[in-house]
Structures are given as C-alpha cells and as structure tokens.
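Everything below belongs to model_31.pdb, which stores PDB, C-alpha atoms.
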```pdb
ATOM      1  CA  MET O   1       0.000   0.000   0.000
ATOM      2  CA  LEU O   2       2.856   2.382   0.872
ATOM      3  CA  CYS O   3       4.560   1.540  -2.417
ATOM      4  CA  LEU O   4       1.377   2.375  -4.338
ATOM      5  CA  THR O   5       1.094   5.755  -2.553
ATOM      6  CA  ILE O   6       4.719   6.635  -3.346
ATOM      7  CA  LEU O   7       4.220   5.648  -6.980
ATOM      8  CA  SER O   8       1.085   7.794  -7.332
ATOM      9  CA  VAL O   9       2.847  10.801  -5.734
ATOM     10  CA  ALA O  10       5.810  10.362  -8.111
ATOM     11  CA  LEU O  11       3.520  10.180 -11.146
ATOM     12  CA  ALA O  12       1.639  13.282 -10.001
ATOM     13  CA  ALA O  13       4.945  15.138  -9.615
ATOM     14  CA  LEU O  14       6.005  14.119 -13.138
ATOM     15  CA  ALA O  15       2.731  15.410 -14.527
ATOM     16  CA  LEU O  16       3.484  18.843 -13.079
ATOM     17  CA  VAL O  17       6.933  19.081 -14.715
ATOM     18  CA  PRO O  18       6.679  20.980 -17.997
ATOM     19  CA  SER O  19       7.431  19.033 -21.120
ATOM     20  CA  ILE O  20      10.998  19.512 -22.272
ATOM     21  CA  SER O  21      10.307  18.349 -25.824
ATOM     22  CA  GLY O  22       7.984  21.289 -26.542
ATOM     23  CA  ALA O  23      10.453  23.924 -25.357
ATOM     24  CA  LEU O  24      12.349  25.876 -27.969
ATOM     25  CA  LYS O  25      16.039  25.196 -28.349
ATOM     26  CA  ASP O  26      18.525  27.970 -28.921
ATOM     27  CA  GLY O  27      18.140  29.145 -32.532
ATOM     28  CA  ASP O  28      14.684  27.584 -32.999
ATOM     29  CA  CYS O  29      12.018  29.871 -34.448
ATOM     30  CA  GLU O  30      14.499  32.731 -34.862
ATOM     31  CA  VAL O  31      12.328  34.598 -37.378
ATOM     32  CA  CYS O  32       9.195  34.188 -35.244
ATOM     33  CA  VAL O  33      10.878  35.254 -32.002
ATOM     34  CA  SER O  34      12.654  38.204 -33.614
ATOM     35  CA  PHE O  35       9.623  39.451 -35.565
ATOM     36  CA  LEU O  36       7.173  39.152 -32.673
ATOM     37  CA  GLY O  37       9.722  40.609 -30.257
ATOM     38  CA  ARG O  38      10.075  43.731 -32.405
ATOM     39  CA  LEU O  39       6.286  43.930 -32.793
ATOM     40  CA  TYR O  40       5.766  43.685 -29.031
ATOM     41  CA  GLN O  41       8.417  46.340 -28.383
ATOM     42  CA  SER O  42       6.908  48.714 -30.958
ATOM     43  CA  LEU O  43       3.463  48.276 -29.390
ATOM     44  CA  GLN O  44       4.898  49.155 -25.992
ATOM     45  CA  ASP O  45       6.847  52.121 -27.391
ATOM     46  CA  ASP O  46       3.735  53.460 -29.133
ATOM     47  CA  LYS O  47       1.710  52.932 -25.929
ATOM     48  CA  VAL O  48      -0.917  50.891 -27.800
ATOM     49  CA  LYS O  49      -3.699  49.429 -25.676
ATOM     50  CA  PHE O  50      -2.986  45.694 -25.492
ATOM     51  CA  ASN O  51      -6.113  44.026 -26.814
ATOM     52  CA  SER O  52      -6.533  41.449 -29.579
ATOM     53  CA  THR O  53      -8.005  43.868 -32.106
ATOM     54  CA  ASN O  54      -5.227  46.467 -31.815
ATOM     55  CA  ILE O  55      -2.530  43.809 -31.890
ATOM     56  CA  GLU O  56      -3.993  42.140 -34.989
ATOM     57  CA  LYS O  57      -4.169  45.505 -36.796
ATOM     58  CA  ALA O  58      -0.552  46.255 -35.882
ATOM     59  CA  LEU O  59       0.498  42.755 -36.938
ATOM     60  CA  VAL O  60      -1.140  43.033 -40.362
ATOM     61  CA  GLU O  61       0.321  46.538 -40.811
ATOM     62  CA  THR O  62       3.806  45.305 -39.902
ATOM     63  CA  CYS O  63       3.432  42.365 -42.287
ATOM     64  CA  LYS O  64       2.767  44.767 -45.191
ATOM     65  CA  ASP O  65       6.375  45.991 -44.965
ATOM     66  CA  ALA O  66       7.944  42.593 -44.245
ATOM     67  CA  LYS O  67      10.445  41.192 -46.725
ATOM     68  CA  GLY O  68      12.202  37.873 -47.179
ATOM     69  CA  LYS O  69      11.839  35.359 -44.375
ATOM     70  CA  GLU O  70       9.656  37.704 -42.330
ATOM     71  CA  ASN O  71       7.224  37.957 -45.249
ATOM     72  CA  ARG O  72       7.130  34.157 -45.402
ATOM     73  CA  PHE O  73       6.398  34.103 -41.629
ATOM     74  CA  CYS O  74       3.544  36.572 -42.195
ATOM     75  CA  TYR O  75       2.198  34.316 -44.940
ATOM     76  CA  TYR O  76       2.207  31.314 -42.598
ATOM     77  CA  ILE O  77       0.279  33.137 -39.866
ATOM     78  CA  GLY O  78      -2.170  34.819 -42.245
ATOM     79  CA  GLY O  79      -0.802  38.345 -42.087
ATOM     80  CA  THR O  80      -0.640  38.734 -45.875
ATOM     81  CA  ASN O  81      -3.478  39.130 -48.367
ATOM     82  CA  ASP O  82      -2.595  35.928 -50.228
ATOM     83  CA  ALA O  83      -2.364  33.714 -47.117
ATOM     84  CA  ALA O  84      -4.400  30.513 -47.183
ATOM     85  CA  THR O  85      -5.012  30.354 -43.442
ATOM     86  CA  LYS O  86      -5.337  32.870 -40.639
ATOM     87  CA  ILE O  87      -4.024  32.140 -37.179
ATOM     88  CA  LEU O  88      -3.476  35.757 -36.146
ATOM     89  CA  ASN O  89      -5.577  35.201 -33.027
ATOM     90  CA  GLU O  90      -2.996  32.610 -31.911
ATOM     91  CA  ILE O  91      -0.613  35.568 -31.610
ATOM     92  CA  SER O  92      -2.842  38.509 -30.696
ATOM     93  CA  LYS O  93      -4.601  36.880 -27.742
ATOM     94  CA  PRO O  94      -1.490  35.682 -25.893
ATOM     95  CA  LEU O  95       0.332  38.918 -26.737
ATOM     96  CA  SER O  96      -2.525  40.904 -25.204
ATOM     97  CA  TYR O  97      -1.795  39.042 -21.953
ATOM     98  CA  HIS O  98       1.926  39.887 -22.328
ATOM     99  CA  THR O  99       2.880  36.244 -22.878
ATOM    100  CA  PRO O 100       6.596  35.965 -23.778
ATOM    101  CA  VAL O 101       7.112  35.728 -27.539
ATOM    102  CA  ASP O 102       9.148  32.521 -27.289
ATOM    103  CA  LYS O 103       6.147  30.831 -25.634
ATOM    104  CA  ILE O 104       3.874  32.103 -28.408
ATOM    105  CA  CYS O 105       6.274  30.762 -31.048
ATOM    106  CA  GLU O 106       6.402  27.452 -29.171
ATOM    107  CA  LYS O 107       2.616  27.155 -29.503
ATOM    108  CA  LEU O 108       2.737  28.228 -33.160
ATOM    109  CA  LYS O 109       5.284  25.475 -33.801
ATOM    110  CA  LYS O 110       2.674  22.935 -32.709
ATOM    111  CA  LYS O 111       0.142  24.438 -35.144
ATOM    112  CA  ASP O 112       2.528  24.715 -38.119
ATOM    113  CA  SER O 113       6.082  23.412 -37.883
ATOM    114  CA  GLN O 114       7.142  25.472 -40.938
ATOM    115  CA  ILE O 115       6.987  28.609 -38.796
ATOM    116  CA  CYS O 116       9.949  27.484 -36.730
ATOM    117  CA  GLU O 117      11.924  26.193 -39.698
ATOM    118  CA  LEU O 118      12.381  29.754 -40.973
ATOM    119  CA  LYS O 119      15.889  31.067 -40.408
ATOM    120  CA  TYR O 120      17.506  34.311 -41.463
ATOM    121  CA  ASP O 121      20.137  34.127 -44.182
ATOM    122  CA  LYS O 122      23.652  34.400 -42.848
ATOM    123  CA  GLN O 123      25.133  37.823 -43.442
ATOM    124  CA  LEU O 124      28.388  38.023 -45.348
ATOM    125  CA  ASP O 125      31.136  40.307 -44.128
ATOM    126  CA  LEU O 126      31.691  42.189 -47.364
ATOM    127  CA  SER O 127      34.825  43.864 -46.022
ATOM    128  CA  THR O 128      36.726  40.556 -45.838
ATOM    129  CA  VAL O 129      34.941  38.052 -48.099
ATOM    130  CA  ASP O 130      36.617  37.074 -51.367
ATOM    131  CA  LEU O 131      33.878  37.707 -53.935
ATOM    132  CA  LYS O 132      35.653  35.452 -56.460
ATOM    133  CA  LYS O 133      35.133  32.471 -54.149
ATOM    134  CA  LEU O 134      31.380  33.026 -53.771
ATOM    135  CA  LYS O 135      28.829  31.257 -55.934
ATOM    136  CA  VAL O 136      26.874  33.279 -58.499
ATOM    137  CA  LYS O 137      23.749  32.555 -56.427
ATOM    138  CA  ASP O 138      25.351  34.333 -53.451
ATOM    139  CA  LEU O 139      26.434  37.264 -55.613
ATOM    140  CA  LYS O 140      22.874  37.604 -56.919
ATOM    141  CA  LYS O 141      21.610  37.473 -53.328
ATOM    142  CA  ILE O 142      23.844  40.429 -52.384
ATOM    143  CA  LEU O 143      22.395  42.462 -55.245
ATOM    144  CA  GLU O 144      18.862  41.366 -54.318
ATOM    145  CA  VAL O 145      19.322  42.522 -50.717
ATOM    146  CA  TRP O 146      20.523  45.866 -52.044
ATOM    147  CA  GLU O 147      17.431  45.919 -54.323
ATOM    148  CA  GLU O 148      19.675  46.222 -57.367
ATOM    149  CA  SER O 149      19.789  44.195 -60.567
ATOM    150  CA  CYS O 150      22.561  43.315 -62.941
ATOM    151  CA  LYS O 151      21.187  43.744 -66.452
ATOM    152  CA  GLY O 152      23.324  42.013 -69.023
ATOM    153  CA  CYS O 153      25.379  40.076 -66.468
ATOM    154  CA  ALA O 154      26.287  36.762 -68.030
ATOM    155  CA  GLU O 155      29.412  35.730 -66.162
ATOM    156  CA  LYS O 156      30.520  35.671 -62.557
ATOM    157  CA  SER O 157      32.992  38.500 -63.225
ATOM    158  CA  ASP O 158      30.094  40.722 -64.350
ATOM    159  CA  PHE O 159      28.329  40.244 -61.008
ATOM    160  CA  ILE O 160      31.557  40.913 -59.082
ATOM    161  CA  ARG O 161      32.154  44.087 -61.092
ATOM    162  CA  LYS O 162      28.588  45.277 -60.375
ATOM    163  CA  ILE O 163      28.939  44.570 -56.626
ATOM    164  CA  ASP O 164      32.281  46.415 -56.506
ATOM    165  CA  GLU O 165      30.646  49.333 -58.322
ATOM    166  CA  LEU O 166      27.635  49.488 -55.942
ATOM    167  CA  MET O 167      29.461  48.711 -52.689
ATOM    168  CA  PRO O 168      30.298  52.351 -51.815
ATOM    169  CA  LYS O 169      26.567  53.176 -52.074
ATOM    170  CA  HIS O 170      25.150  50.200 -50.127
ATOM    171  CA  ALA O 171      28.026  49.146 -47.853
ATOM    172  CA  PRO O 172      30.372  52.153 -47.534
ATOM    173  CA  ASN O 173      32.250  50.775 -44.526
ATOM    174  CA  ALA O 174      32.962  47.513 -46.331
ATOM    175  CA  ALA O 175      34.076  49.392 -49.442
ATOM    176  CA  LYS O 176      36.442  51.508 -47.358
ATOM    177  CA  ALA O 177      37.851  48.436 -45.596
ATOM    178  CA  ARG O 178      38.411  46.674 -48.943
ATOM    179  CA  ARG O 179      40.367  49.658 -50.296
ATOM    180  CA  GLU O 180      42.585  49.668 -47.205
ATOM    181  CA  LEU O 181      43.525  45.995 -47.665
TER     182      LEU O 181
END
```

Target encoding structure tokens, full file:
Amino acid sequence: MLCLTILSVALAALALVPSISGALKDGDCEVCVSFLGRLYQSLQDDKVKFNSTNIEKALVETCKDAKGKENRFCYYIGGTNDAATKILNEISKPLSYHTPVDKICEKLKKKDSQICELKYDKQLDLSTVDLKKLKVKDLKKILEVWEESCKGCAEKSDFIRKIDELMPKHAPNAAKARREL
C-alpha cells in the first residue's frame, strides 16, 4: 500500500513538470521570435492598448512591410493578403496578456512546424569576403538585398564588377575596408 502511494505521488509530480520536448532550443524559431519581439516592443513604445483587435491591426500593418523570411512568416500566420489560413488570433490573444514571444512561437510550432523552420540568411562580411570564391547565387543574393539588378550580367565576373561598383553606395564601410587591404 505504501509503495502504491509513493508511486502515485511520483507520477503526479512528473505530470506537473513541464514538457521539455515542446520547449524551444537555442536558434529555434528565430524569425518568429525576432519578428514578434520587435512587434511587441513597438506596441509598448507606441503605448498601444494591449487588446486582440489592436494587436492584430498592428500585426497586419507590420506584415505589409515585411520582406524575405519575415514575409514568409507573415504568410504562414495569415498576415498577408494571399495567405491561405489565418491564425493571427494565436498571436494577438497571448500577446494581449503579455505572454513571452518565445512561448507564443512554441505554440505556433505545434500548429505549423514550418513557422519554426524559418531562419535568417547568414550575413556576409563584405569587407573581408573574397567575392571570387562566392557562388553566383550568393552574388545575386547580395544584389537582391541591395534591391539592385545586374542587367546584361552573363558571367561571374560581371556580377563581381557590379557589386564592386555598388558597394560604396550600399556598404560604404565595407568598401572603405576593402580599399585599405
């Protein structure tokens, strides 16, 4: 009888321990955590009343300006016009209660695992990187981030020439550092 009591107390204690498998690991959901963290901070800075309606409006408005991975995140949660589903209330309600954004992202991960698979592209250090060793895809990505195009570029050297030409405009510190080398 004593053994049965101890076993039931142990099982009850285990039930109270939060699940470790659901917790976010370092680097998980980086786009979600970053995006919602900035949204939460902007709402606080603007002294917006924290209710679901105001948060949803701010979320949709923020999603209009989102680019790249953040735009994809907005698509997944229904913050864009072309989104197939809308789970904005899964964000606005907990945020109105000041729930930490990592906990919100943890719950979103259970709804749609793609949300937490989004990761920001690694930033290149243009002041030290050897452009000749990069792939053409990476060179195109640099120009895309700068919102520039390379009309008539057929070879890798054309892309490198265009990046070198535009670097003082878009990355002046990197251009200066490259000249000093």

Please identify all polymer residues lying at most 12 Å from the point (7.2, 37.9, -47.8) (file coordinates), using all atoms listed in the file, and present the result as a compact mmCIF listing (two decimals) with C-alpha atoms, keeping the file's coordinate frame.
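So the final result, stored in result.txt, reads:
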```
# COMPACT_ATOMS: atom_id res chain seq x y z
CA THR O 62 3.81 45.30 -39.90
CA CYS O 63 3.43 42.36 -42.29
CA LYS O 64 2.77 44.77 -45.19
CA ASP O 65 6.38 45.99 -44.96
CA ALA O 66 7.94 42.59 -44.24
CA LYS O 67 10.44 41.19 -46.72
CA GLY O 68 12.20 37.87 -47.18
CA LYS O 69 11.84 35.36 -44.38
CA GLU O 70 9.66 37.70 -42.33
CA ASN O 71 7.22 37.96 -45.25
CA ARG O 72 7.13 34.16 -45.40
CA PHE O 73 6.40 34.10 -41.63
CA CYS O 74 3.54 36.57 -42.20
CA TYR O 75 2.20 34.32 -44.94
CA TYR O 76 2.21 31.31 -42.60
CA ILE O 77 0.28 33.14 -39.87
CA GLY O 78 -2.17 34.82 -42.24
CA GLY O 79 -0.80 38.34 -42.09
CA THR O 80 -0.64 38.73 -45.88
CA ASN O 81 -3.48 39.13 -48.37
CA ASP O 82 -2.60 35.93 -50.23
CA ALA O 83 -2.36 33.71 -47.12
CA LEU O 118 12.38 29.75 -40.97
```

Env of Asn54 of chain O: 10 Å cut, atoms = all atoms listed in the file, seq-sep filter 6 positions within chain, self excluded. Answer as a PDB file with C-alpha atoms, in the coordinates of the input.
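Final file, selection-v4.pdb:
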```
ATOM      1  CA  LEU O  43       3.463  48.276 -29.390  1.00  0.00           C
ATOM      2  CA  VAL O  48      -0.917  50.891 -27.800  1.00  0.00           C
ATOM      3  CA  SER O  92      -2.842  38.509 -30.696  1.00  0.00           C
ATOM      4  CA  SER O  96      -2.525  40.904 -25.204  1.00  0.00           C
TER       5      SER O  96
END
```

### Task
Quick one: apply the PyMOL selection byres ((chain O and resi 123-129) around 6) to the file and drop the selected residues here as an MDAnalysis selection string.
chainID O and resid 122 130:131 174 177:178

Axis-aligned box over every listed atom of segment 63-81 of chain O, padded by 4 Å per side: centre and edges in Å to one decimal, as lines of an AutoDock Vina configuration file?
```
center_x = 4.4
center_y = 38.7
center_z = -44.1
size_x = 23.7
size_y = 22.7
size_z = 16.5
```

### Query
Between atom CA of Lys111 of chain O and atom CA of Leu95 of chain O, what is the distance, to one decimal in Å?
16.7 Å

### Task
Would you list the residues near (24.1, 40.5, -62.8) (no more than 12 Å away, in the coordinates of the file, using all atoms listed in the file) as number ranges by chain?
O: 136-144, 148-166

### Query
Please, what distance in Å, to one decimal, runs between atom CA of Lys103 of chain O and atom CA of Lys86 of chain O?
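Distance reported for this atom pair: 19.0 Å.
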
### Query
Using all atoms listed in the file, which of O:Leu39, O:Cys29, O:Ala171, O:Ala84 sits nearest Lys107 of chain O?
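Once distances to Lys107 of chain O are computed over all atoms listed in the file, the minimum belongs to O:Cys29.
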
The PyMOL selection byres ((chain O and resi 33) around 12) applied to the shown file, residues as a tab-separated table (two decimals) with C-alpha atoms, in the coordinates of the input:
```
chain	number	residue	atom	x	y	z
O	24	LEU	CA	12.35	25.88	-27.97
O	25	LYS	CA	16.04	25.20	-28.35
O	26	ASP	CA	18.52	27.97	-28.92
O	27	GLY	CA	18.14	29.14	-32.53
O	28	ASP	CA	14.68	27.58	-33.00
O	29	CYS	CA	12.02	29.87	-34.45
O	30	GLU	CA	14.50	32.73	-34.86
O	31	VAL	CA	12.33	34.60	-37.38
O	32	CYS	CA	9.20	34.19	-35.24
O	34	SER	CA	12.65	38.20	-33.61
O	35	PHE	CA	9.62	39.45	-35.56
O	36	LEU	CA	7.17	39.15	-32.67
O	37	GLY	CA	9.72	40.61	-30.26
O	38	ARG	CA	10.07	43.73	-32.40
O	39	LEU	CA	6.29	43.93	-32.79
O	40	TYR	CA	5.77	43.68	-29.03
O	41	GLN	CA	8.42	46.34	-28.38
O	70	GLU	CA	9.66	37.70	-42.33
O	73	PHE	CA	6.40	34.10	-41.63
O	91	ILE	CA	-0.61	35.57	-31.61
O	100	PRO	CA	6.60	35.97	-23.78
O	101	VAL	CA	7.11	35.73	-27.54
O	102	ASP	CA	9.15	32.52	-27.29
O	103	LYS	CA	6.15	30.83	-25.63
O	104	ILE	CA	3.87	32.10	-28.41
O	105	CYS	CA	6.27	30.76	-31.05
O	106	GLU	CA	6.40	27.45	-29.17
O	107	LYS	CA	2.62	27.16	-29.50
O	108	LEU	CA	2.74	28.23	-33.16
O	109	LYS	CA	5.28	25.48	-33.80
O	115	ILE	CA	6.99	28.61	-38.80
O	116	CYS	CA	9.95	27.48	-36.73
O	117	GLU	CA	11.92	26.19	-39.70
O	118	LEU	CA	12.38	29.75	-40.97
O	119	LYS	CA	15.89	31.07	-40.41
O	120	TYR	CA	17.51	34.31	-41.46
```

### Message
Would you compute the distance between atom CA of Lys57 of chain O and atom CA of Asp112 of chain O? Give it in Å to one decimal.
### Response
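Atom CA of Asp112 of chain O lies at a distance of 21.9 Å from atom CA of Lys57 of chain O.
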
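Counting all atoms listed in the file, the residue from O:Glu147, O:Glu56, O:Glu90, O:Asp45 that sits nearest to Lys169 of chain O is O:Glu147.
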